[in-house]
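Participant: Submitted below is the structure of interest, expressed as structure tokens.
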Amino acid sequence: DVKVTQSSRYLVKRTGEKVFLECVQDMDHENMFWYRQDPGLGLRLIYFSYDVKMKEKGDIPEGYSVSREKKERFSLILESASTNQTSMYLCASSFGGALNEQFFGPGTRLTVL
Amino acid sequence: AQKVTQAQTEISVVEKEDVTLDCVYETRDTTYYLFWYKQPPSGELVFLIRRNSFDEQNEISGRYSWNFQKSTSSFNFTITASQVVDSAVYFCALSEARTGANNLFFGTGTRLTVIP
């Protein structure tokens, strides 16, 4: 079975802190994605990556950056956390191509105080 | 413009009732893929089904069935004889082949509550 793991289920940080969210997949997927999920807004794509050291902006990249140094790991970085970044963050991975489904991790619920 | 619309925000049904979750999509591509995901209270999205734009056959899997109609740009999901374990948020999503990628456009989700 595909396994996508995220470093924390719950995280509480203070405004201005630098926050790292880690995601690891074990199925040799080329693609990895970071979404945030907010009530009434569904899932919105923050960043995605098609390969190691490669990244592309999604719909809402402002305030975020990413890093993919190894194929299995994709990190989301909040350079200076703000209260409006309080949200559920979901990581996903997949093989390339529009027909392939994405496999999701359990999510990290981040609260910024 | 929203590519995937799930007009039903929340639905409540009594156990054993049938329920249909609506999904309407918008795309100019001739080749595209539609997906349904389930998000139970644990939070992890679970893939349920994928359809490609050239296959309009309805699909049935146990108590689940999907009705894909290109004429109305809809991909609706029906649960027959609902059970409490079906309580979850359900997302419909679209990917477009012309982008060469599998970026998914998600609807806003429908929260289904099955009352025992």
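Here, A, B, ... name the chains of the structure tokens in the order displayed, residue numbers run from 1 inside each chain, and ligands are numbered from 1 in the same displayed order.
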Pull the strand (DSSP E) assignments for chain B out of DSSP run on the backbone, and list those residues as a VMD selection string.

Facilitator: chain B and resid 4 to 5 10 to 14 19 to 21 24 to 25 32 to 39 46 to 52 59 to 61 64 to 69 74 to 79 88 to 96 105 to 106 110 to 115

Participant: Counting only C-alpha atoms, what is within 9 Å of A:Ile46, bar same-chain residues fewer than 2 positions away, as JSON, numbers by chain?

Facilitator: {"A": [33, 34, 35, 36, 44, 48, 56, 57, 58, 59, 60, 61, 62, 64, 65]}

Participant: Those same residues, written as a short mmCIF file (atom, residue, chain, number, x, y, z; two decimals), in the first residue's frame with C-alpha atoms?

Facilitator:
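Below is the file that was written, part_16.cif:
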```
data_model
loop_
_atom_site.label_atom_id
_atom_site.label_comp_id
_atom_site.auth_asym_id
_atom_site.auth_seq_id
_atom_site.Cartn_x
_atom_site.Cartn_y
_atom_site.Cartn_z
CA PHE A 33 1.83 18.23 -3.59
CA TRP A 34 0.99 20.49 -0.68
CA TYR A 35 -2.59 21.65 -0.12
CA ARG A 36 -4.34 23.58 2.56
CA ARG A 44 -6.29 24.61 -2.47
CA PHE A 48 3.85 20.97 -6.17
CA GLU A 56 6.01 24.87 -9.13
CA LYS A 57 3.64 27.39 -7.58
CA GLY A 58 0.07 26.39 -7.10
CA ASP A 59 -2.92 28.64 -6.54
CA ILE A 60 -1.91 30.13 -3.20
CA PRO A 61 1.90 30.13 -2.81
CA GLU A 62 2.20 33.46 -1.00
CA TYR A 64 5.07 29.59 1.70
CA SER A 65 8.12 27.94 0.21
#
```

Participant: Using only C-alpha atoms, tabulate the residues of chain B lying at most 8 Å from any atom of chain A, each with its closest atom pair and that distance in Å to one decimal, by chain and increasing residue number, as JSON lines.

Facilitator:
```
{"residue": "B:Thr9", "atom": "CA", "partner": "A:Gly40", "partner_atom": "CA", "distance": 7.9}
{"residue": "B:Tyr32", "atom": "CA", "partner": "A:Ala98", "partner_atom": "CA", "distance": 7.4}
{"residue": "B:Tyr33", "atom": "CA", "partner": "A:Leu99", "partner_atom": "CA", "distance": 6.1}
{"residue": "B:Phe35", "atom": "CA", "partner": "A:Glu101", "partner_atom": "CA", "distance": 7.8}
{"residue": "B:Ser42", "atom": "CA", "partner": "A:Pro106", "partner_atom": "CA", "distance": 7.4}
{"residue": "B:Gly43", "atom": "CA", "partner": "A:Pro106", "partner_atom": "CA", "distance": 5.7}
{"residue": "B:Glu44", "atom": "CA", "partner": "A:Pro106", "partner_atom": "CA", "distance": 4.3}
{"residue": "B:Leu45", "atom": "CA", "partner": "A:Phe104", "partner_atom": "CA", "distance": 5.8}
{"residue": "B:Val46", "atom": "CA", "partner": "A:Phe104", "partner_atom": "CA", "distance": 7.3}
{"residue": "B:Phe47", "atom": "CA", "partner": "A:Glu101", "partner_atom": "CA", "distance": 7.2}
{"residue": "B:Arg50", "atom": "CA", "partner": "A:Glu101", "partner_atom": "CA", "distance": 7.5}
{"residue": "B:Asn52", "atom": "CA", "partner": "A:Leu99", "partner_atom": "CA", "distance": 7.6}
{"residue": "B:Ser95", "atom": "CA", "partner": "A:Ala98", "partner_atom": "CA", "distance": 5.7}
{"residue": "B:Glu96", "atom": "CA", "partner": "A:Ala98", "partner_atom": "CA", "distance": 6.2}
{"residue": "B:Ala97", "atom": "CA", "partner": "A:Ala98", "partner_atom": "CA", "distance": 5.2}
{"residue": "B:Thr99", "atom": "CA", "partner": "A:Ala98", "partner_atom": "CA", "distance": 7.9}
{"residue": "B:Gly100", "atom": "CA", "partner": "A:Gly97", "partner_atom": "CA", "distance": 6.0}
{"residue": "B:Ala101", "atom": "CA", "partner": "A:Gly97", "partner_atom": "CA", "distance": 5.1}
{"residue": "B:Asn102", "atom": "CA", "partner": "A:Ala98", "partner_atom": "CA", "distance": 3.8}
{"residue": "B:Asn103", "atom": "CA", "partner": "A:Ala98", "partner_atom": "CA", "distance": 7.2}
{"residue": "B:Phe106", "atom": "CA", "partner": "A:Leu43", "partner_atom": "CA", "distance": 6.1}
{"residue": "B:Gly107", "atom": "CA", "partner": "A:Gly42", "partner_atom": "CA", "distance": 6.1}
{"residue": "B:Thr108", "atom": "CA", "partner": "A:Gly42", "partner_atom": "CA", "distance": 3.8}
{"residue": "B:Gly109", "atom": "CA", "partner": "A:Gly42", "partner_atom": "CA", "distance": 6.0}
```

Participant: Which neighbours of B:Trp66 fall inside 7 Å, counting only C-alpha atoms, when residues of the same chain fewer than 6 positions from it are skipped, and could you give them as a PyMOL selection string?

Facilitator: chain B and resi 58-60+75-78

Participant: Produce a file of the selected residues containing N, CA and C atoms, as a JSON list (two decimals), in the first residue's frame.

Facilitator:
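Once everything was written out, this is again-v2.json:
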```
[["chain", "number", "residue", "atom", "x", "y", "z"],
["B", 58, "ASN", "N", -21.76, 4.05, -16.60],
["B", 58, "ASN", "CA", -21.92, 4.15, -15.16],
["B", 58, "ASN", "C", -21.18, 3.01, -14.49],
["B", 59, "GLU", "N", -20.77, 3.25, -13.28],
["B", 59, "GLU", "CA", -20.01, 2.22, -12.56],
["B", 59, "GLU", "C", -20.64, 1.96, -11.21],
["B", 60, "ILE", "N", -20.63, 0.70, -10.85],
["B", 60, "ILE", "CA", -21.18, 0.29, -9.56],
["B", 60, "ILE", "C", -20.12, -0.51, -8.82],
["B", 75, "PHE", "N", -20.91, 14.44, -12.72],
["B", 75, "PHE", "CA", -20.34, 13.16, -12.30],
["B", 75, "PHE", "C", -20.84, 12.90, -10.87],
["B", 76, "ASN", "N", -22.06, 12.39, -10.79],
["B", 76, "ASN", "CA", -22.72, 12.25, -9.51],
["B", 76, "ASN", "C", -22.45, 10.90, -8.86],
["B", 77, "PHE", "N", -22.51, 10.91, -7.55],
["B", 77, "PHE", "CA", -22.14, 9.75, -6.74],
["B", 77, "PHE", "C", -23.32, 9.37, -5.86],
["B", 78, "THR", "N", -23.75, 8.12, -5.98],
["B", 78, "THR", "CA", -24.89, 7.65, -5.19],
["B", 78, "THR", "C", -24.45, 6.55, -4.23]]
```

Participant: Provide the atom CA of B:Val19 to atom CA of B:Phe54 distance in Å, to one decimal place.

Facilitator: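 Computing it gives 26.0 Å between the two atoms.
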
Participant: If we count only C-alpha atoms, what is near B:Lys3 at a cut-off of 9 Å, once residues fewer than 4 positions away on the same chain are taken out, given as a ChimeraX atom specification?

Facilitator: /B:24-27,93-94,105-107

Participant: Can you tell me, as a list in words, what residues are no more than 10 Å from B:Glu10 when counting only C-alpha atoms, ignoring any on the same chain fewer than 5 positions away?

Facilitator: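 After dropping sequence-adjacent residues, the list is Leu21, Val89, Gly109, Thr110, Arg111, Leu112 and Thr113 of chain B.
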
Participant: Keeping N, CA and C atoms for every residue in the selection just given, could you write it to a file as a PDB file, in the first residue's frame?

Facilitator:
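Heads up, here's the output in part_32.pdb:
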```
ATOM      1  N   LEU B  21     -24.760  12.502  -4.218  1.00  0.00           N
ATOM      2  CA  LEU B  21     -23.907  13.689  -4.092  1.00  0.00           C
ATOM      3  C   LEU B  21     -23.635  14.220  -5.498  1.00  0.00           C
ATOM      4  N   VAL B  89     -16.683  13.672   4.572  1.00  0.00           N
ATOM      5  CA  VAL B  89     -16.746  14.718   3.560  1.00  0.00           C
ATOM      6  C   VAL B  89     -16.297  14.098   2.245  1.00  0.00           C
ATOM      7  N   GLY B 109     -16.450  20.234  -1.534  1.00  0.00           N
ATOM      8  CA  GLY B 109     -16.796  19.095  -0.688  1.00  0.00           C
ATOM      9  C   GLY B 109     -18.245  19.110  -0.222  1.00  0.00           C
ATOM     10  N   THR B 110     -18.764  17.913   0.029  1.00  0.00           N
ATOM     11  CA  THR B 110     -20.100  17.736   0.604  1.00  0.00           C
ATOM     12  C   THR B 110     -19.952  16.906   1.868  1.00  0.00           C
ATOM     13  N   ARG B 111     -20.406  17.452   2.979  1.00  0.00           N
ATOM     14  CA  ARG B 111     -20.352  16.709   4.246  1.00  0.00           C
ATOM     15  C   ARG B 111     -21.611  15.870   4.380  1.00  0.00           C
ATOM     16  N   LEU B 112     -21.441  14.575   4.400  1.00  0.00           N
ATOM     17  CA  LEU B 112     -22.554  13.642   4.554  1.00  0.00           C
ATOM     18  C   LEU B 112     -22.595  13.126   5.985  1.00  0.00           C
ATOM     19  N   THR B 113     -23.758  13.254   6.593  1.00  0.00           N
ATOM     20  CA  THR B 113     -23.972  12.691   7.926  1.00  0.00           C
ATOM     21  C   THR B 113     -25.066  11.645   7.829  1.00  0.00           C
TER      22      THR B 113
END
```

Participant: Where does DSSP see helix (DSSP H, G or I) in chain B, if you list the residues as a PyMOL selection string?

Facilitator: chain B and resi 70-72+84-86+97-99

Participant: Can I get the selection written as a CSV table (one decimal), in the first residue's frame, with all heavy atoms?

Facilitator:
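The file below, selection.csv, is the result:
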```csv
chain,number,residue,atom,x,y,z
B,70,LYS,N,-21.6,13.5,-19.8
B,70,LYS,CA,-20.9,14.6,-20.4
B,70,LYS,C,-21.9,15.7,-20.9
B,70,LYS,O,-21.6,16.9,-20.9
B,70,LYS,CB,-20.1,14.1,-21.6
B,70,LYS,CG,-18.9,13.3,-21.2
B,70,LYS,CD,-18.1,12.8,-22.4
B,70,LYS,CE,-17.3,13.8,-23.1
B,70,LYS,NZ,-16.4,13.2,-24.1
B,71,SER,N,-23.1,15.3,-21.3
B,71,SER,CA,-24.1,16.3,-21.8
B,71,SER,C,-24.4,17.4,-20.7
B,71,SER,O,-24.7,18.5,-21.1
B,71,SER,CB,-25.3,15.6,-22.2
B,71,SER,OG,-25.9,14.9,-21.1
B,72,THR,N,-24.3,17.0,-19.5
B,72,THR,CA,-24.6,18.0,-18.4
B,72,THR,C,-23.4,18.3,-17.6
B,72,THR,O,-23.5,18.9,-16.5
B,72,THR,CB,-25.7,17.4,-17.5
B,72,THR,OG1,-25.3,16.1,-17.0
B,72,THR,CG2,-27.1,17.3,-18.2
B,84,VAL,N,-23.7,4.3,8.8
B,84,VAL,CA,-23.1,5.3,9.6
B,84,VAL,C,-21.6,5.5,9.2
B,84,VAL,O,-21.1,6.6,9.2
B,84,VAL,CB,-23.2,5.0,11.1
B,84,VAL,CG1,-22.4,5.9,11.9
B,84,VAL,CG2,-24.6,5.0,11.6
B,85,VAL,N,-21.0,4.5,8.7
B,85,VAL,CA,-19.6,4.5,8.3
B,85,VAL,C,-19.4,5.4,7.1
B,85,VAL,O,-18.3,5.7,6.7
B,85,VAL,CB,-18.9,3.2,8.1
B,85,VAL,CG1,-18.8,2.4,9.4
B,85,VAL,CG2,-19.7,2.4,7.1
B,86,ASP,N,-20.5,5.7,6.4
B,86,ASP,CA,-20.4,6.5,5.2
B,86,ASP,C,-20.3,8.0,5.6
B,86,ASP,O,-20.1,8.8,4.7
B,86,ASP,CB,-21.6,6.3,4.3
B,86,ASP,CG,-21.7,4.9,3.7
B,86,ASP,OD1,-20.7,4.3,3.5
B,86,ASP,OD2,-22.8,4.4,3.6
B,97,ALA,N,-5.9,16.7,-19.1
B,97,ALA,CA,-4.7,16.0,-19.8
B,97,ALA,C,-3.8,17.0,-20.5
B,97,ALA,O,-2.6,16.8,-20.6
B,97,ALA,CB,-5.2,15.0,-20.8
B,98,ARG,N,-4.3,18.1,-21.0
B,98,ARG,CA,-3.5,19.0,-21.8
B,98,ARG,C,-2.4,19.7,-21.0
B,98,ARG,O,-1.4,20.1,-21.5
B,98,ARG,CB,-4.3,20.1,-22.4
B,98,ARG,CG,-4.9,21.1,-21.4
B,98,ARG,CD,-5.7,22.3,-22.1
B,98,ARG,NE,-6.4,23.0,-21.1
B,98,ARG,CZ,-5.9,24.0,-20.4
B,98,ARG,NH1,-4.7,24.4,-20.6
B,98,ARG,NH2,-6.7,24.6,-19.5
B,99,THR,N,-2.5,19.7,-19.6
B,99,THR,CA,-1.5,20.3,-18.8
B,99,THR,C,-0.3,19.3,-18.7
B,99,THR,O,0.8,19.7,-18.3
B,99,THR,CB,-2.0,20.6,-17.4
B,99,THR,OG1,-2.3,19.4,-16.7
B,99,THR,CG2,-3.2,21.5,-17.5
```

Participant: Find the residues near A:Val19: any atom within 10 Å, counting only C-alpha atoms, skip ones fewer than 6 places away on the same chain, and give them as an MDAnalysis selection string.

Facilitator: chainID A and resid 11:13 64 76:81 110 112

Participant: Emit the selected residues as an mmCIF file, in the first residue's frame, including all heavy atoms.

Facilitator:
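After the write, out_20.cif holds the following:
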```cif
data_model
loop_
_atom_site.group_PDB
_atom_site.id
_atom_site.type_symbol
_atom_site.label_atom_id
_atom_site.label_comp_id
_atom_site.auth_asym_id
_atom_site.auth_seq_id
_atom_site.Cartn_x
_atom_site.Cartn_y
_atom_site.Cartn_z
ATOM 1 N N LEU A 11 0.007 20.870 15.362
ATOM 2 C CA LEU A 11 1.150 21.749 15.594
ATOM 3 C C LEU A 11 0.621 23.110 16.026
ATOM 4 O O LEU A 11 -0.324 23.631 15.428
ATOM 5 C CB LEU A 11 1.934 21.883 14.284
ATOM 6 C CG LEU A 11 3.424 22.157 14.287
ATOM 7 C CD1 LEU A 11 4.172 21.160 15.164
ATOM 8 C CD2 LEU A 11 3.956 22.117 12.870
ATOM 9 N N VAL A 12 1.231 23.675 17.058
ATOM 10 C CA VAL A 12 0.870 25.013 17.500
ATOM 11 C C VAL A 12 2.126 25.870 17.466
ATOM 12 O O VAL A 12 3.137 25.502 18.068
ATOM 13 C CB VAL A 12 0.270 25.004 18.924
ATOM 14 C CG1 VAL A 12 -0.079 26.426 19.355
ATOM 15 C CG2 VAL A 12 -0.960 24.107 18.979
ATOM 16 N N LYS A 13 2.053 26.978 16.772
ATOM 17 C CA LYS A 13 3.194 27.868 16.627
ATOM 18 C C LYS A 13 2.769 29.311 16.912
ATOM 19 O O LYS A 13 1.569 29.632 16.942
ATOM 20 C CB LYS A 13 3.771 27.776 15.206
ATOM 21 C CG LYS A 13 4.356 26.421 14.868
ATOM 22 C CD LYS A 13 5.605 26.138 15.663
ATOM 23 C CE LYS A 13 6.210 24.802 15.294
ATOM 24 N NZ LYS A 13 7.428 24.521 16.104
ATOM 25 N N TYR A 64 4.558 30.951 1.587
ATOM 26 C CA TYR A 64 5.070 29.591 1.700
ATOM 27 C C TYR A 64 6.272 29.383 0.768
ATOM 28 O O TYR A 64 6.392 30.067 -0.242
ATOM 29 C CB TYR A 64 3.998 28.567 1.313
ATOM 30 C CG TYR A 64 2.720 28.653 2.088
ATOM 31 C CD1 TYR A 64 1.638 29.387 1.594
ATOM 32 C CD2 TYR A 64 2.576 27.994 3.304
ATOM 33 C CE1 TYR A 64 0.451 29.468 2.301
ATOM 34 C CE2 TYR A 64 1.383 28.060 4.015
ATOM 35 C CZ TYR A 64 0.333 28.797 3.500
ATOM 36 O OH TYR A 64 -0.847 28.871 4.209
ATOM 37 N N LEU A 76 7.233 21.671 3.344
ATOM 38 C CA LEU A 76 6.551 22.966 3.226
ATOM 39 C C LEU A 76 7.081 23.862 4.336
ATOM 40 O O LEU A 76 7.132 23.447 5.494
ATOM 41 C CB LEU A 76 5.043 22.794 3.352
ATOM 42 C CG LEU A 76 4.206 24.064 3.258
ATOM 43 C CD1 LEU A 76 4.242 24.626 1.832
ATOM 44 C CD2 LEU A 76 2.759 23.795 3.675
ATOM 45 N N ILE A 77 7.449 25.079 3.959
ATOM 46 C CA ILE A 77 8.062 26.008 4.911
ATOM 47 C C ILE A 77 7.232 27.279 4.987
ATOM 48 O O ILE A 77 6.903 27.876 3.943
ATOM 49 C CB ILE A 77 9.502 26.344 4.480
ATOM 50 C CG1 ILE A 77 10.308 25.049 4.341
ATOM 51 C CG2 ILE A 77 10.158 27.295 5.483
ATOM 52 C CD1 ILE A 77 11.498 25.164 3.428
ATOM 53 N N LEU A 78 6.874 27.637 6.195
ATOM 54 C CA LEU A 78 6.256 28.927 6.438
ATOM 55 C C LEU A 78 7.350 29.819 7.011
ATOM 56 O O LEU A 78 7.809 29.624 8.131
ATOM 57 C CB LEU A 78 5.101 28.801 7.434
ATOM 58 C CG LEU A 78 3.804 28.160 6.938
ATOM 59 C CD1 LEU A 78 3.986 26.687 6.594
ATOM 60 C CD2 LEU A 78 2.694 28.332 7.985
ATOM 61 N N GLU A 79 7.802 30.764 6.216
ATOM 62 C CA GLU A 79 8.971 31.558 6.595
ATOM 63 C C GLU A 79 8.709 32.378 7.864
ATOM 64 O O GLU A 79 9.567 32.497 8.721
ATOM 65 C CB GLU A 79 9.373 32.475 5.450
ATOM 66 C CG GLU A 79 9.845 31.735 4.200
ATOM 67 C CD GLU A 79 11.192 31.053 4.384
ATOM 68 O OE1 GLU A 79 11.930 31.414 5.340
ATOM 69 O OE2 GLU A 79 11.530 30.166 3.583
ATOM 70 N N SER A 80 7.528 32.933 7.971
ATOM 71 C CA SER A 80 7.147 33.730 9.143
ATOM 72 C C SER A 80 5.653 33.526 9.341
ATOM 73 O O SER A 80 4.845 34.195 8.707
ATOM 74 C CB SER A 80 7.485 35.204 8.913
ATOM 75 O OG SER A 80 7.075 35.982 10.021
ATOM 76 N N ALA A 81 5.322 32.580 10.201
ATOM 77 C CA ALA A 81 3.929 32.174 10.328
ATOM 78 C C ALA A 81 3.020 33.328 10.735
ATOM 79 O O ALA A 81 3.398 34.176 11.560
ATOM 80 C CB ALA A 81 3.817 31.043 11.347
ATOM 81 N N LEU A 110 -2.424 22.870 11.740
ATOM 82 C CA LEU A 110 -1.537 23.915 12.255
ATOM 83 C C LEU A 110 -2.346 25.067 12.825
ATOM 84 O O LEU A 110 -3.247 25.587 12.157
ATOM 85 C CB LEU A 110 -0.621 24.431 11.131
ATOM 86 C CG LEU A 110 0.231 25.647 11.464
ATOM 87 C CD1 LEU A 110 1.284 25.298 12.521
ATOM 88 C CD2 LEU A 110 0.902 26.206 10.211
ATOM 89 N N VAL A 112 -1.711 28.846 14.416
ATOM 90 C CA VAL A 112 -0.743 29.921 14.640
ATOM 91 C C VAL A 112 -1.377 30.942 15.574
ATOM 92 O O VAL A 112 -2.427 31.509 15.265
ATOM 93 C CB VAL A 112 -0.327 30.586 13.316
ATOM 94 C CG1 VAL A 112 0.728 31.662 13.588
ATOM 95 C CG2 VAL A 112 0.218 29.555 12.341
#
```

Participant: Can you pull out the residues contacting B:Lys16? Cut-off 10 Å, using only C-alpha atoms, and skip same-chain residues under 6 positions away; I want them as a ChimeraX atom specification.

Facilitator: /B:79-84,114-116
